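Novice: protein_24.cif is reproduced below (mmCIF, C-alpha atoms).
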```cif
data_run
#
loop_
_atom_site.label_atom_id
_atom_site.label_comp_id
_atom_site.auth_asym_id
_atom_site.auth_seq_id
_atom_site.Cartn_x
_atom_site.Cartn_y
_atom_site.Cartn_z
CA MET T 1 11.20 -35.03 -17.28
CA LYS T 2 11.53 -38.70 -16.65
CA LEU T 3 10.27 -39.99 -13.33
CA VAL T 4 12.47 -42.84 -12.13
CA ASP T 5 11.00 -45.25 -9.61
CA VAL T 6 13.89 -45.35 -7.15
CA GLY T 7 13.98 -44.67 -3.43
CA LYS T 8 10.93 -43.94 -1.35
CA PHE T 9 9.39 -41.18 -3.50
CA GLY T 10 10.98 -41.49 -6.93
CA VAL T 11 13.38 -39.11 -8.65
CA GLY T 12 12.65 -36.73 -11.52
CA VAL T 13 15.37 -36.35 -14.13
CA TYR T 14 15.20 -33.15 -16.17
CA ASN T 15 16.93 -32.15 -19.37
CA VAL T 16 17.62 -28.43 -19.06
CA ARG T 17 19.01 -27.19 -22.36
CA GLY T 18 21.09 -30.34 -22.81
CA SER T 19 22.23 -30.67 -19.22
CA LEU T 20 20.69 -33.34 -16.95
CA HIS T 21 19.49 -32.63 -13.40
CA ALA T 22 17.67 -34.79 -10.85
CA ILE T 23 15.49 -33.87 -7.87
CA VAL T 24 13.47 -35.92 -5.44
CA ASN T 25 9.78 -36.30 -6.23
CA TYR T 26 8.83 -34.94 -2.79
CA CYS T 27 8.08 -31.30 -2.09
CA SER T 28 9.83 -29.88 0.99
CA HIS T 29 6.58 -28.11 1.92
CA GLU T 30 4.04 -30.87 2.51
CA GLY T 31 5.37 -33.86 0.63
CA ALA T 32 3.51 -33.50 -2.68
CA PRO T 33 4.78 -35.42 -5.76
CA LEU T 34 6.74 -32.38 -6.89
CA CYS T 35 7.93 -33.75 -10.22
CA LEU T 36 4.34 -34.09 -11.45
CA GLY T 37 4.21 -30.28 -11.46
CA LEU T 38 4.59 -28.15 -14.56
CA ILE T 39 8.11 -27.43 -15.73
CA GLY T 40 8.68 -23.97 -17.17
CA GLY T 41 10.22 -20.64 -16.26
CA THR T 42 9.59 -18.02 -13.63
CA ASN T 43 9.19 -14.26 -13.42
CA GLU T 44 11.66 -11.61 -12.37
CA ALA T 45 10.89 -7.96 -11.68
CA ASP T 46 11.77 -5.66 -14.57
CA PRO T 47 10.40 -2.12 -14.17
CA ALA T 48 10.99 -1.39 -17.87
CA ALA T 49 9.04 -4.41 -19.15
CA PRO T 50 5.28 -4.43 -19.84
CA GLY T 51 3.58 -5.36 -16.57
CA GLY T 52 6.90 -5.03 -14.79
CA LEU T 53 7.68 -8.71 -15.37
CA ARG T 54 10.32 -10.60 -17.32
CA ARG T 55 10.23 -14.36 -18.02
CA THR T 56 13.43 -16.09 -17.03
CA ARG T 57 15.04 -19.49 -16.32
CA GLU T 58 12.81 -21.14 -18.96
CA GLY T 59 12.70 -24.94 -18.67
CA GLN T 60 14.30 -25.20 -15.24
CA ILE T 61 11.56 -24.21 -12.76
CA VAL T 62 9.13 -26.84 -11.53
CA ARG T 63 5.89 -25.73 -9.85
CA CYS T 64 4.57 -28.00 -7.15
CA PRO T 65 1.11 -29.36 -8.10
CA TRP T 66 -0.27 -28.76 -4.61
CA HIS T 67 0.66 -25.17 -3.61
CA ASN T 68 2.59 -23.73 -6.54
CA TRP T 69 5.92 -23.52 -4.77
CA GLU T 70 8.62 -23.01 -7.39
CA PHE T 71 11.89 -24.95 -7.36
CA ASP T 72 14.90 -24.59 -9.61
CA VAL T 73 15.66 -28.15 -10.70
CA THR T 74 19.33 -27.28 -11.31
CA THR T 75 19.91 -26.39 -7.64
CA GLY T 76 16.93 -27.78 -5.73
CA CYS T 77 16.37 -24.30 -4.26
CA ASN T 78 12.94 -22.79 -3.75
CA VAL T 79 12.75 -19.63 -5.88
CA ALA T 80 11.10 -17.51 -3.16
CA ASP T 81 13.21 -18.72 -0.26
CA PRO T 82 16.40 -20.55 -1.36
CA ARG T 83 16.78 -21.92 2.17
CA ARG T 84 13.81 -24.17 1.48
CA ARG T 85 15.37 -26.84 -0.73
CA VAL T 86 14.57 -30.22 -2.16
CA ARG T 87 17.17 -32.89 -2.52
CA THR T 88 19.16 -33.05 -5.77
CA TYR T 89 21.14 -35.98 -7.14
CA GLN T 90 24.22 -36.21 -9.24
CA VAL T 91 23.49 -37.29 -12.81
CA ASP T 92 26.17 -38.81 -15.05
CA VAL T 93 25.99 -40.06 -18.63
CA SER T 94 28.29 -42.88 -19.62
CA ASP T 95 28.13 -44.84 -22.89
CA GLY T 96 24.64 -43.55 -23.54
CA GLU T 97 23.38 -44.70 -20.12
CA VAL T 98 22.11 -42.16 -17.55
CA TYR T 99 23.17 -42.79 -13.93
CA VAL T 100 21.59 -41.08 -10.95
CA SER T 101 23.65 -41.38 -7.76
CA ALA T 102 22.55 -40.82 -4.18
CA MET H 103 10.31 8.03 30.12
CA ILE H 104 7.25 8.46 27.93
CA ILE H 105 6.63 9.69 24.40
CA ASP H 106 2.97 9.95 23.48
CA THR H 107 2.73 9.35 19.73
CA ASN H 108 -1.00 9.77 19.22
CA VAL H 109 -2.78 12.91 20.43
CA GLN H 110 -5.68 14.59 18.64
CA PRO H 111 -5.80 18.34 19.28
CA HIS H 112 -9.08 20.01 18.40
CA PHE H 113 -10.32 23.41 17.33
CA ARG H 114 -12.03 25.24 20.21
CA SER H 115 -15.22 24.99 18.16
CA ASN H 116 -16.01 23.39 14.79
CA ALA H 117 -16.43 26.82 13.23
CA GLU H 118 -12.95 27.99 14.26
CA ILE H 119 -11.49 26.23 11.20
CA ARG H 120 -13.02 29.00 9.05
CA ARG H 121 -10.51 31.50 10.41
CA TYR H 122 -7.84 29.48 8.62
CA LEU H 123 -9.63 28.87 5.32
CA PRO H 124 -9.00 31.06 2.28
CA GLU H 125 -11.70 33.65 1.57
CA ALA H 126 -12.80 31.78 -1.55
CA HIS H 127 -13.83 28.77 0.56
CA GLN H 128 -15.41 30.59 3.50
CA LEU H 129 -19.01 29.87 2.54
CA ARG H 130 -18.61 26.17 1.84
CA ALA H 131 -20.30 23.49 3.96
CA ILE H 132 -17.82 21.60 6.13
CA PRO H 133 -18.83 18.66 8.35
CA ASP H 134 -18.33 18.89 12.11
CA VAL H 135 -15.63 16.69 13.59
CA GLU H 136 -18.07 14.36 15.40
CA GLN H 137 -20.62 14.36 12.62
CA GLN H 138 -20.99 10.70 11.74
CA TRP H 139 -23.35 7.78 12.26
CA TYR H 140 -21.05 5.66 14.45
CA GLN H 141 -21.00 7.88 17.49
CA ALA H 142 -19.66 6.70 20.84
CA PRO H 143 -22.41 6.89 23.48
CA GLY H 144 -22.09 10.28 25.14
CA GLY H 145 -19.70 11.62 22.54
CA ASP H 146 -16.38 10.51 21.09
CA TYR H 147 -14.28 12.27 23.69
CA ARG H 148 -13.66 12.03 27.42
CA LYS H 149 -16.78 13.30 29.15
CA ASP H 150 -14.82 15.35 31.69
CA LEU H 151 -13.19 17.33 28.90
CA TYR H 152 -16.33 18.74 27.25
CA GLY H 153 -16.78 22.29 28.40
CA GLU H 154 -17.10 25.73 26.93
CA HIS H 155 -14.60 24.64 24.29
CA TYR H 156 -13.98 21.31 22.59
CA PRO H 157 -12.03 18.52 24.40
CA GLY H 158 -8.31 18.76 23.66
CA SER H 159 -8.55 22.30 22.35
CA ASP H 160 -6.62 24.26 24.95
CA PRO H 161 -2.85 23.79 24.62
CA GLU H 162 -2.16 24.59 28.28
CA THR H 163 -4.73 22.09 29.55
CA VAL H 164 -3.49 19.42 27.15
CA ALA H 165 0.12 20.07 28.22
CA ARG H 166 -0.90 19.78 31.87
CA HIS H 167 -2.70 16.48 31.28
CA LEU H 168 -0.05 14.87 29.08
CA PHE H 169 3.20 16.26 30.48
CA ASP H 170 2.58 17.28 34.10
CA ASP H 171 0.05 14.63 35.09
CA GLY H 172 0.95 11.90 32.56
CA GLY H 173 4.71 12.35 32.64
CA ALA H 174 5.25 12.35 28.87
CA GLN H 175 8.26 14.27 27.58
CA PHE H 176 6.96 14.70 24.06
CA ALA H 177 3.58 14.41 22.37
CA ILE H 178 2.95 13.98 18.66
CA LEU H 179 -0.14 15.98 17.68
CA ASN H 180 -2.10 14.38 14.86
CA PRO H 181 -5.27 16.41 14.32
CA LEU H 182 -8.34 15.13 12.52
CA THR H 183 -9.71 16.82 9.42
CA ARG H 184 -13.34 16.56 8.32
CA GLY H 185 -13.68 13.30 6.43
CA ASN H 186 -13.16 12.54 2.75
CA ILE H 187 -14.85 15.48 1.04
CA ALA H 188 -16.29 14.97 -2.44
CA ASP H 189 -14.74 18.29 -3.48
CA TYR H 190 -11.16 17.10 -3.10
CA LEU H 191 -9.78 20.56 -3.79
CA LEU H 192 -11.82 21.95 -0.90
CA ASN H 193 -10.53 19.07 1.25
CA SER H 194 -6.95 20.05 0.47
CA ARG H 195 -7.76 23.58 1.73
CA ILE H 196 -9.26 22.03 4.89
CA CYS H 197 -6.02 20.13 5.41
CA ALA H 198 -3.97 23.29 4.88
CA ALA H 199 -6.23 25.18 7.32
CA VAL H 200 -5.69 22.47 9.95
CA ASN H 201 -1.93 22.66 9.38
CA ASP H 202 -1.85 26.44 9.64
CA TRP H 203 -3.95 26.30 12.81
CA LEU H 204 -1.68 23.64 14.34
CA LEU H 205 1.34 25.84 13.74
CA ASP H 206 -0.42 29.01 14.87
CA GLN H 207 -2.13 27.72 18.02
CA TRP H 208 0.01 24.79 19.13
CA LEU H 209 3.50 24.44 17.73
CA GLU H 210 4.77 27.99 17.45
CA PRO H 211 3.49 29.21 20.85
CA ASP H 212 4.95 26.10 22.58
CA THR H 213 8.19 27.45 24.01
CA SER H 214 8.78 24.27 26.02
CA GLY H 215 9.35 22.37 22.75
CA ARG H 216 7.35 19.32 23.81
CA PHE H 217 4.71 19.27 21.07
CA ARG H 218 5.44 17.93 17.61
CA GLY H 219 2.97 18.02 14.74
CA THR H 220 1.63 16.34 11.63
CA ILE H 221 1.24 17.68 8.09
CA ARG H 222 -2.31 16.64 7.20
CA VAL H 223 -2.74 16.01 3.47
CA ASN H 224 -5.57 14.80 1.26
CA PRO H 225 -4.65 11.66 -0.69
CA GLU H 226 -7.61 12.16 -3.06
CA ASP H 227 -5.70 15.15 -4.41
CA PRO H 228 -2.21 13.69 -4.92
CA ARG H 229 -0.74 16.84 -6.49
CA GLY H 230 -2.18 18.99 -3.72
CA ALA H 231 -0.89 16.57 -1.10
CA VAL H 232 2.64 16.70 -2.50
CA ALA H 233 2.46 20.51 -2.65
CA GLU H 234 1.37 20.65 0.99
CA ILE H 235 4.28 18.41 2.03
CA GLU H 236 6.68 20.63 0.09
CA ARG H 237 5.18 23.75 1.69
CA LEU H 238 5.69 22.54 5.27
CA ALA H 239 8.27 19.75 5.39
CA ALA H 240 11.11 22.03 6.42
CA HIS H 241 9.37 23.06 9.65
CA PRO H 242 11.37 21.46 12.45
CA LYS H 243 8.32 20.69 14.58
CA LEU H 244 6.36 18.93 11.84
CA VAL H 245 7.59 15.36 12.10
CA GLN H 246 5.17 13.30 10.04
CA VAL H 247 2.57 13.37 7.26
CA GLY H 248 -0.99 12.42 8.21
CA VAL H 249 -3.68 10.75 6.07
CA PRO H 250 -7.09 9.20 6.85
CA MET H 251 -7.62 5.49 7.34
CA GLN H 252 -10.71 5.87 5.16
CA SER H 253 -9.83 5.71 1.49
CA ARG H 254 -11.62 4.63 -1.65
CA GLU H 255 -8.51 2.67 -2.70
CA PRO H 256 -5.77 1.05 -0.60
CA TYR H 257 -2.64 3.13 -0.15
CA GLY H 258 -0.41 0.74 -2.11
CA LYS H 259 -2.11 1.86 -5.35
CA PRO H 260 0.17 3.80 -7.71
CA VAL H 261 -2.02 6.93 -7.69
CA PHE H 262 -0.82 7.64 -4.14
CA GLU H 263 2.86 6.88 -4.67
CA PRO H 264 4.00 10.48 -5.33
CA ILE H 265 2.70 11.43 -1.87
CA TRP H 266 4.67 8.69 -0.13
CA GLU H 267 7.69 9.50 -2.25
CA ALA H 268 7.57 13.14 -1.12
CA ALA H 269 7.19 12.14 2.53
CA ALA H 270 10.11 9.71 2.32
CA ALA H 271 12.26 12.30 0.54
CA HIS H 272 11.85 14.57 3.57
CA GLY H 273 12.35 11.72 6.04
CA LEU H 274 8.77 12.03 7.28
CA PRO H 275 6.83 8.94 8.36
CA VAL H 276 3.21 8.73 7.14
CA ALA H 277 0.67 8.32 9.94
CA VAL H 278 -2.67 6.73 9.06
CA HIS H 279 -5.47 7.57 11.48
CA ILE H 280 -9.26 7.22 11.37
CA ASN H 281 -10.54 10.63 10.39
CA GLY H 282 -13.25 12.67 12.02
CA GLY H 283 -16.21 14.22 10.25
CA ASN H 284 -18.52 12.68 7.73
CA GLY H 285 -17.65 13.41 4.15
CA VAL H 286 -18.02 10.69 1.54
CA ASP H 287 -18.33 7.74 3.88
CA TYR H 288 -16.99 4.28 3.14
CA ALA H 289 -18.10 1.07 4.86
CA PRO H 290 -16.06 0.60 8.03
CA THR H 291 -15.45 -3.15 7.65
CA PHE H 292 -14.27 -5.37 4.80
CA ALA H 293 -17.83 -6.73 4.59
CA GLY H 294 -19.83 -3.53 4.80
CA HIS H 295 -21.45 -1.54 7.55
CA ALA H 296 -21.35 -2.41 11.22
CA HIS H 297 -24.63 -2.48 13.09
CA THR H 298 -23.70 -0.40 16.11
CA TYR H 299 -20.78 1.53 17.54
CA PRO H 300 -18.97 -1.48 19.12
CA GLY H 301 -18.78 -3.21 15.74
CA TYR H 302 -17.44 -0.02 14.22
CA ALA H 303 -14.93 0.78 16.94
CA ALA H 304 -13.62 -2.78 17.25
CA PHE H 305 -13.14 -3.45 13.55
CA MET H 306 -12.60 -0.10 11.83
CA PRO H 307 -8.94 0.10 12.97
CA LEU H 308 -8.28 -3.22 11.24
CA ASN H 309 -8.62 -1.60 7.81
CA TYR H 310 -4.97 -0.66 8.23
CA PHE H 311 -4.07 -4.14 7.08
CA VAL H 312 -5.40 -3.57 3.57
CA HIS H 313 -3.21 -0.47 3.25
CA LEU H 314 -0.24 -2.34 4.68
CA ALA H 315 -0.69 -5.41 2.47
CA THR H 316 -0.88 -3.36 -0.72
CA LEU H 317 2.12 -1.21 0.25
CA ILE H 318 4.11 -4.45 0.49
CA VAL H 319 2.64 -6.45 -2.39
CA GLU H 320 2.50 -3.62 -4.94
CA GLY H 321 6.13 -2.87 -4.22
CA THR H 322 5.82 0.61 -2.66
CA PHE H 323 8.07 -0.23 0.28
CA GLY H 324 10.53 -1.96 -2.00
CA ARG H 325 10.83 1.12 -4.23
CA HIS H 326 11.14 3.54 -1.28
CA PRO H 327 13.54 2.12 1.28
CA GLY H 328 13.14 5.18 3.53
CA LEU H 329 9.32 5.12 3.56
CA LYS H 330 7.72 4.47 6.95
CA PHE H 331 4.05 4.10 7.84
CA VAL H 332 2.61 4.55 11.32
CA PHE H 333 -0.77 2.95 11.93
CA ALA H 334 -2.04 5.26 14.62
CA ASP H 335 -5.26 3.47 15.57
CA GLY H 336 -3.36 0.39 16.69
CA GLY H 337 -4.37 -3.06 15.53
CA TYR H 338 -0.92 -4.51 16.06
CA ASP H 339 -2.54 -7.44 17.85
CA ILE H 340 -3.95 -8.84 14.59
CA LEU H 341 -0.71 -8.28 12.71
CA THR H 342 0.85 -11.70 13.15
CA PRO H 343 -1.86 -14.01 11.73
CA LEU H 344 -2.42 -11.67 8.79
CA MET H 345 1.30 -11.56 8.02
CA TRP H 346 1.36 -15.35 8.16
CA ARG H 347 -1.22 -15.34 5.40
CA LEU H 348 0.74 -12.87 3.27
CA ASP H 349 3.93 -14.88 3.74
CA THR H 350 2.13 -18.09 2.82
CA PHE H 351 0.70 -16.70 -0.40
CA TRP H 352 4.02 -15.12 -1.32
CA LEU H 353 5.71 -18.51 -1.15
CA SER H 354 3.12 -19.91 -3.54
CA MET H 355 2.66 -17.03 -5.94
CA ARG H 356 5.82 -14.95 -5.73
CA ASP H 357 6.08 -15.04 -9.52
CA GLN H 358 3.08 -12.67 -9.79
CA THR H 359 4.85 -9.98 -7.72
CA PRO H 360 8.56 -10.76 -8.02
CA TRP H 361 9.48 -7.22 -6.88
CA VAL H 362 8.57 -8.52 -3.43
CA ASP H 363 12.03 -9.95 -2.98
CA ARG H 364 11.69 -11.10 0.64
CA TYR H 365 8.97 -12.47 2.89
CA PRO H 366 6.27 -9.79 3.25
CA SER H 367 6.81 -9.89 7.01
CA GLU H 368 10.45 -8.90 6.50
CA TYR H 369 9.34 -5.40 5.46
CA LEU H 370 7.91 -4.66 8.90
CA PRO H 371 11.01 -3.58 10.87
CA ASP H 372 12.13 -1.02 8.28
CA HIS H 373 8.74 0.33 7.25
CA VAL H 374 5.97 -0.12 9.81
CA ARG H 375 5.10 1.18 13.27
CA PHE H 376 1.92 1.11 15.33
CA CYS H 377 0.59 3.38 18.02
CA SER H 378 -0.75 1.44 20.98
CA SER H 379 -4.49 1.50 21.58
CA ALA H 380 -6.78 0.63 24.46
CA PHE H 381 -8.53 -1.86 22.18
CA ASP H 382 -5.43 -3.92 21.35
CA GLY H 383 -3.82 -6.95 22.86
CA PRO H 384 -4.77 -10.13 24.65
CA THR H 385 -7.50 -9.89 27.26
CA GLU H 386 -5.36 -12.01 29.63
CA ALA H 387 -2.26 -10.07 30.73
CA ASP H 388 -0.13 -13.19 31.09
CA GLN H 389 -0.37 -13.78 27.31
CA MET H 390 1.11 -10.38 26.50
CA GLN H 391 4.78 -11.36 26.44
CA ARG H 392 4.18 -14.29 24.10
CA TRP H 393 1.99 -12.25 21.77
CA MET H 394 4.47 -9.36 21.61
CA GLU H 395 7.22 -11.75 20.58
CA PHE H 396 5.38 -12.92 17.46
CA SER H 397 6.48 -10.63 14.59
CA ALA H 398 8.89 -8.90 17.05
CA LYS H 399 6.15 -6.44 17.90
CA ALA H 400 8.10 -4.74 20.69
CA ASP H 401 10.14 -3.11 17.91
CA LEU H 402 7.01 -1.90 16.14
CA VAL H 403 4.65 -0.52 18.80
CA MET H 404 4.83 3.00 20.26
CA TYR H 405 2.78 4.27 23.16
CA GLY H 406 -0.11 6.47 22.02
CA SER H 407 -2.75 7.81 24.38
CA SER H 408 -5.46 8.73 21.82
CA TYR H 409 -6.09 11.74 24.08
CA PRO H 410 -8.78 13.15 24.29
CA HIS H 411 -10.71 10.15 22.91
CA TRP H 412 -13.03 8.39 25.38
CA SER H 413 -10.69 5.38 25.15
CA THR H 414 -7.64 7.45 26.19
CA SER H 415 -5.00 5.20 27.75
CA SER H 416 -2.75 6.84 30.29
CA PRO H 417 0.92 5.88 30.46
CA GLU H 418 0.14 4.12 33.76
CA VAL H 419 -2.49 1.90 32.14
CA THR H 420 -0.25 1.12 29.18
CA ALA H 421 2.69 0.37 31.46
CA ALA H 422 0.40 -1.93 33.49
CA ASP H 423 -0.65 -3.73 30.29
CA LEU H 424 3.04 -4.23 29.57
CA LYS H 425 3.74 -5.57 33.05
CA GLY H 426 4.15 -9.12 31.81
CA VAL H 427 6.60 -7.94 29.14
CA ASP H 428 10.32 -7.72 29.84
CA ALA H 429 11.75 -4.33 30.79
CA ALA H 430 13.71 -3.71 27.60
CA GLN H 431 10.66 -4.38 25.43
CA SER H 432 8.45 -2.23 27.60
CA GLU H 433 10.92 0.64 27.32
CA LYS H 434 10.87 0.35 23.52
CA VAL H 435 7.10 0.68 23.50
CA LEU H 436 6.88 3.52 25.99
CA TRP H 437 9.47 5.78 24.34
CA ARG H 438 12.48 4.26 22.65
CA ASN H 439 10.82 3.32 19.33
CA ALA H 440 9.25 6.78 19.07
CA SER H 441 12.50 8.49 20.00
CA GLU H 442 14.22 6.72 17.11
CA LEU H 443 11.43 7.22 14.59
CA TYR H 444 10.93 10.93 15.22
CA GLY H 445 14.50 11.79 16.22
CA LEU H 446 13.48 12.95 19.69
CA ALA H 447 16.23 12.98 22.27
CA VAL H 448 14.79 11.97 25.61
CA LYS H 449 16.57 13.16 28.71
CA GLU H 450 17.27 10.02 30.71
CA ALA H 451 17.38 11.88 34.01
CA THR H 452 13.83 13.19 34.14
CA ARG H 453 11.23 11.40 36.12
#
```
For this file, produce the structure as structure tokens.

Specialist:
Amino acid sequence: MKLVDVGKFGVGVYNVRGSLHAIVNYCSHEGAPLCLGLIGGTNEADPAAPGGLRRTREGQIVRCPWHNWEFDVTTGCNVADPRRRVRTYQVDVSDGEVYVSA
Amino acid sequence: MIIDTNVQPHFRSNAEIRRYLPEAHQLRAIPDVEQQWYQAPGGDYRKDLYGEHYPGSDPETVARHLFDDGGAQFAILNPLTRGNIADYLLNSRICAAVNDWLLDQWLEPDTSGRFRGTIRVNPEDPRGAVAEIERLAAHPKLVQVGVPMQSREPYGKPVFEPIWEAAAAHGLPVAVHINGGNGVDYAPTFAGHAHTYPGYAAFMPLNYFVHLATLIVEGTFGRHPGLKFVFADGGYDILTPLMWRLDTFWLSMRDQTPWVDRYPSEYLPDHVRFCSSAFDGPTEADQMQRWMEFSAKADLVMYGSSYPHWSTSSPEVTAADLKGVDAAQSEKVLWRNASELYGLAVKEATR
């Protein structure tokens, strides 16, 4: 993740398996600096797996440092309730330069 | 129109249960129904009903009070057993004796068809509980399974799941009600023992929330879409703030229980009902409407008298409590929710 100092809160740019995604550094819950949270995966229910859990979406889920809300950086959607979103930005790469557009 | 969803019929005397116990258990010690430390002053039941026999023990008198005087069209009988007994196999025989007595004395002689009954089972004997459900589920007048509020583990734990699975397979809701008798006693509050009866009576019903929370969080409701729980001691008035807490924690830590695939509060309409209780609700009547609207409680609450408990609420009193609530919601509470849950067709014309 690279935190870019643009706009009011900054924008986090993530490299998810070679594809670039950008979200605002501002949690939709209470305004925490979301992009300072850990990036990783999340858990899905899998009755056949040990503990009933399966790890999934590795490298694309950011956990808010304040209250652990999970967001998918590729969509901006909260994992628990997709209606609770954070803003995403278009990312383009041109001649080796990365452009984030709002 | 009235359906009374919470009535406790009693044996004429504590010893009468022995007529229904197998010979092999006849000599065993069994607690009396009111044998416990937290006793209501003057007895647990309406003073005017103590007589030669126990309150609520004569079907004709109970029918007169509930149907003729109270105006109910149906009453769900949910008898007490005798506490959580250390010998869980004996307790399963006590449950079976109560069920056989309910059929023998109440349901089968009732030609008017207004009483419905409960299959009491002992959750500390899961195999025995499932067997008891299988033995009786086909009886058309037995409309729910009954278990005690008191439990050494919350009801969302996997050890109990076969019982709920059997109930759901037969389309029977599971009613949780504070049991009578003093077997192996558990502390009545989250933080231990209450000092006196008011502390017990006010807070004991709230234990339902631990059962409810685990049934949601451990995935029981998610795995059994047809499973319904009725919390028969009430406590619906504390539902909303506690569900807020569950919803809040789910948003933060959903990844620990991802089988909970919706807000915990979203399980309520399909899985949870409450009987009304004299102890529930705002003390100011003009706050009732607002409070009922939180968590859409008018869809969850069913009138229950708790007859013959000392706190019995008549339909008149409950209707008066609901006076500030709009007519459609009040109708749901007084009969419509129960009619849907138990499949009871209420004749619109009567009364």

Novice: Would you kindly translate the PyMOL selection byres ((chain H) within 6 of (chain T)) into the concrete residues it picks from this file, as a count of residues only?

Specialist: 5

Novice: Just checking: using all atoms listed in the file, which residue out of H:Gln207, H:Tyr365, H:Tyr156, H:Gln175 ends up closest to Met345 in chain H?

Specialist: H:Tyr365

Novice: Going by the chain IDs and residue numbers used in this file, which residues fall under the PyMOL selection byres ((chain H and resi 428) around 12)? Write them as a list in words.

Specialist: Asp388, Met390, Gln391, Arg392, Met394, Glu395, Ala400, Ala421, Asp423, Leu424, Lys425, Gly426, Val427, Ala429, Ala430, Gln431, Ser432, Glu433, Lys434 and Val435 of chain H

Novice: Could you write those residues out with C-alpha atoms, as a PDB file, in the coordinates of the input?

Specialist:
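Generated output (out02.pdb):
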```pdb
ATOM      1  CA  ASP H 388      -0.130 -13.190  31.090  1.00  0.00           C
ATOM      2  CA  MET H 390       1.110 -10.380  26.500  1.00  0.00           C
ATOM      3  CA  GLN H 391       4.780 -11.360  26.440  1.00  0.00           C
ATOM      4  CA  ARG H 392       4.180 -14.290  24.100  1.00  0.00           C
ATOM      5  CA  MET H 394       4.470  -9.360  21.610  1.00  0.00           C
ATOM      6  CA  GLU H 395       7.220 -11.750  20.580  1.00  0.00           C
ATOM      7  CA  ALA H 400       8.100  -4.740  20.690  1.00  0.00           C
ATOM      8  CA  ALA H 421       2.690   0.370  31.460  1.00  0.00           C
ATOM      9  CA  ASP H 423      -0.650  -3.730  30.290  1.00  0.00           C
ATOM     10  CA  LEU H 424       3.040  -4.230  29.570  1.00  0.00           C
ATOM     11  CA  LYS H 425       3.740  -5.570  33.050  1.00  0.00           C
ATOM     12  CA  GLY H 426       4.150  -9.120  31.810  1.00  0.00           C
ATOM     13  CA  VAL H 427       6.600  -7.940  29.140  1.00  0.00           C
ATOM     14  CA  ALA H 429      11.750  -4.330  30.790  1.00  0.00           C
ATOM     15  CA  ALA H 430      13.710  -3.710  27.600  1.00  0.00           C
ATOM     16  CA  GLN H 431      10.660  -4.380  25.430  1.00  0.00           C
ATOM     17  CA  SER H 432       8.450  -2.230  27.600  1.00  0.00           C
ATOM     18  CA  GLU H 433      10.920   0.640  27.320  1.00  0.00           C
ATOM     19  CA  LYS H 434      10.870   0.350  23.520  1.00  0.00           C
ATOM     20  CA  VAL H 435       7.100   0.680  23.500  1.00  0.00           C
TER      21      VAL H 435
END
```

Novice: Please provide the set of residues having any atom within 12 Å of Gln90 in chain T, restricted to all atoms listed in the file, with same-chain residues fewer than 6 positions apart removed, written as number ranges by chain.

Specialist: T: 11-14, 19-24, 73-76, 98-102

Novice: One decimal, in Å: what's the spacing between CA of Arg216 in chain H and CA of Asp146 in chain H?

Specialist: 25.5 Å

Novice: Provide the CA of Thr420 in chain H to CA of Arg375 in chain H distance in Å, to one decimal place.

Specialist: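 For CA of Thr420 in chain H relative to CA of Arg375 in chain H, the distance reads 16.8 Å.
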
Novice: Given the choices T:Cys35, T:Val16, T:Lys2, T:Gly7, which gets closest to Val86 in chain T if the distance is worked out from only C-alpha atoms?

Specialist: T:Cys35

Novice: Please list as a list in words every residue within 6 Å of range 233-249 of chain H, counting all atoms listed in the file and excluding residues in the same chain fewer than 6 positions away.

Specialist: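 My list of contacting residues is Arg218, Gly219, Thr220, Ile221, Arg222, Val223, Leu274, Pro275, Val276, Ala277 and Val278 of chain H.
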
Novice: Enumerate, as a list in words, the residues matched when the PyMOL selection byres ((chain H and resi 315-317) around 8) is run on the file above.

Specialist: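 So the PyMOL selection byres ((chain H and resi 315-317) around 8) ends up selecting Pro256, Tyr257, Gly258, Lys259, Phe311, Val312, His313, Leu314, Ile318, Val319, Glu320, Gly321, Thr322, Phe323 and Leu348 of chain H.
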
Novice: Find the spatial neighbours of Val286 in chain H, counting all atoms listed in the file, within a cut-off of 12 Å - ignore same-chain residues fewer than 4 positions away - and output them as a list of chain:residue names.

Specialist: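 The filter keeps H:Ile132, H:Pro133, H:Gln137, H:Gln138, H:Arg184, H:Gly185, H:Asn186, H:Ile187, H:Ala188, H:Asp189, H:Tyr190, H:Asn193, H:Glu226, H:Gln252, H:Ser253, H:Arg254, H:Asn281, H:Gly282.
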
Novice: So that I can check the surroundings of Phe9 in chain T, please list as JSON, numbers by chain every protein, DNA and RNA residue that reaches within 8 Å of it, counting all atoms listed in the file and ignoring chain neighbours fewer than 6 positions away.

Specialist: {"T": [24, 25, 26, 33]}

Novice: Would you mind reading off the distance between CA of Glu368 in chain H and CA of Asn108 in chain H, one decimal, in Å?

Specialist: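 Atom-to-atom, CA of Glu368 in chain H and CA of Asn108 in chain H are spaced 25.3 Å apart.
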
Novice: Edge lengths and centre in Å to one decimal, as lines of an AutoDock Vina configuration file, is what I'm after for the box along x, y and z that holds all listed atoms of range 82-91 of chain T once 6 Å is added on each side.

Specialist:
```
center_x = 19.0
center_y = -28.9
center_z = -5.3
size_x = 22.4
size_y = 28.7
size_z = 27.0
```

Novice: Counting all atoms listed in the file, what is within 12 Å of Pro307 in chain H, bar same-chain residues fewer than 4 positions away, as a PyMOL selection string?

Specialist: chain H and resi 250-252+278-281+290-292+300-303+311-313+333-341+376-382

Novice: Kindly indicate which residue among H:Asn439, H:Ser416, H:Thr342, H:Gln128 lies nearest to His167 in chain H, using only C-alpha atoms for the distances.

Specialist: H:Ser416
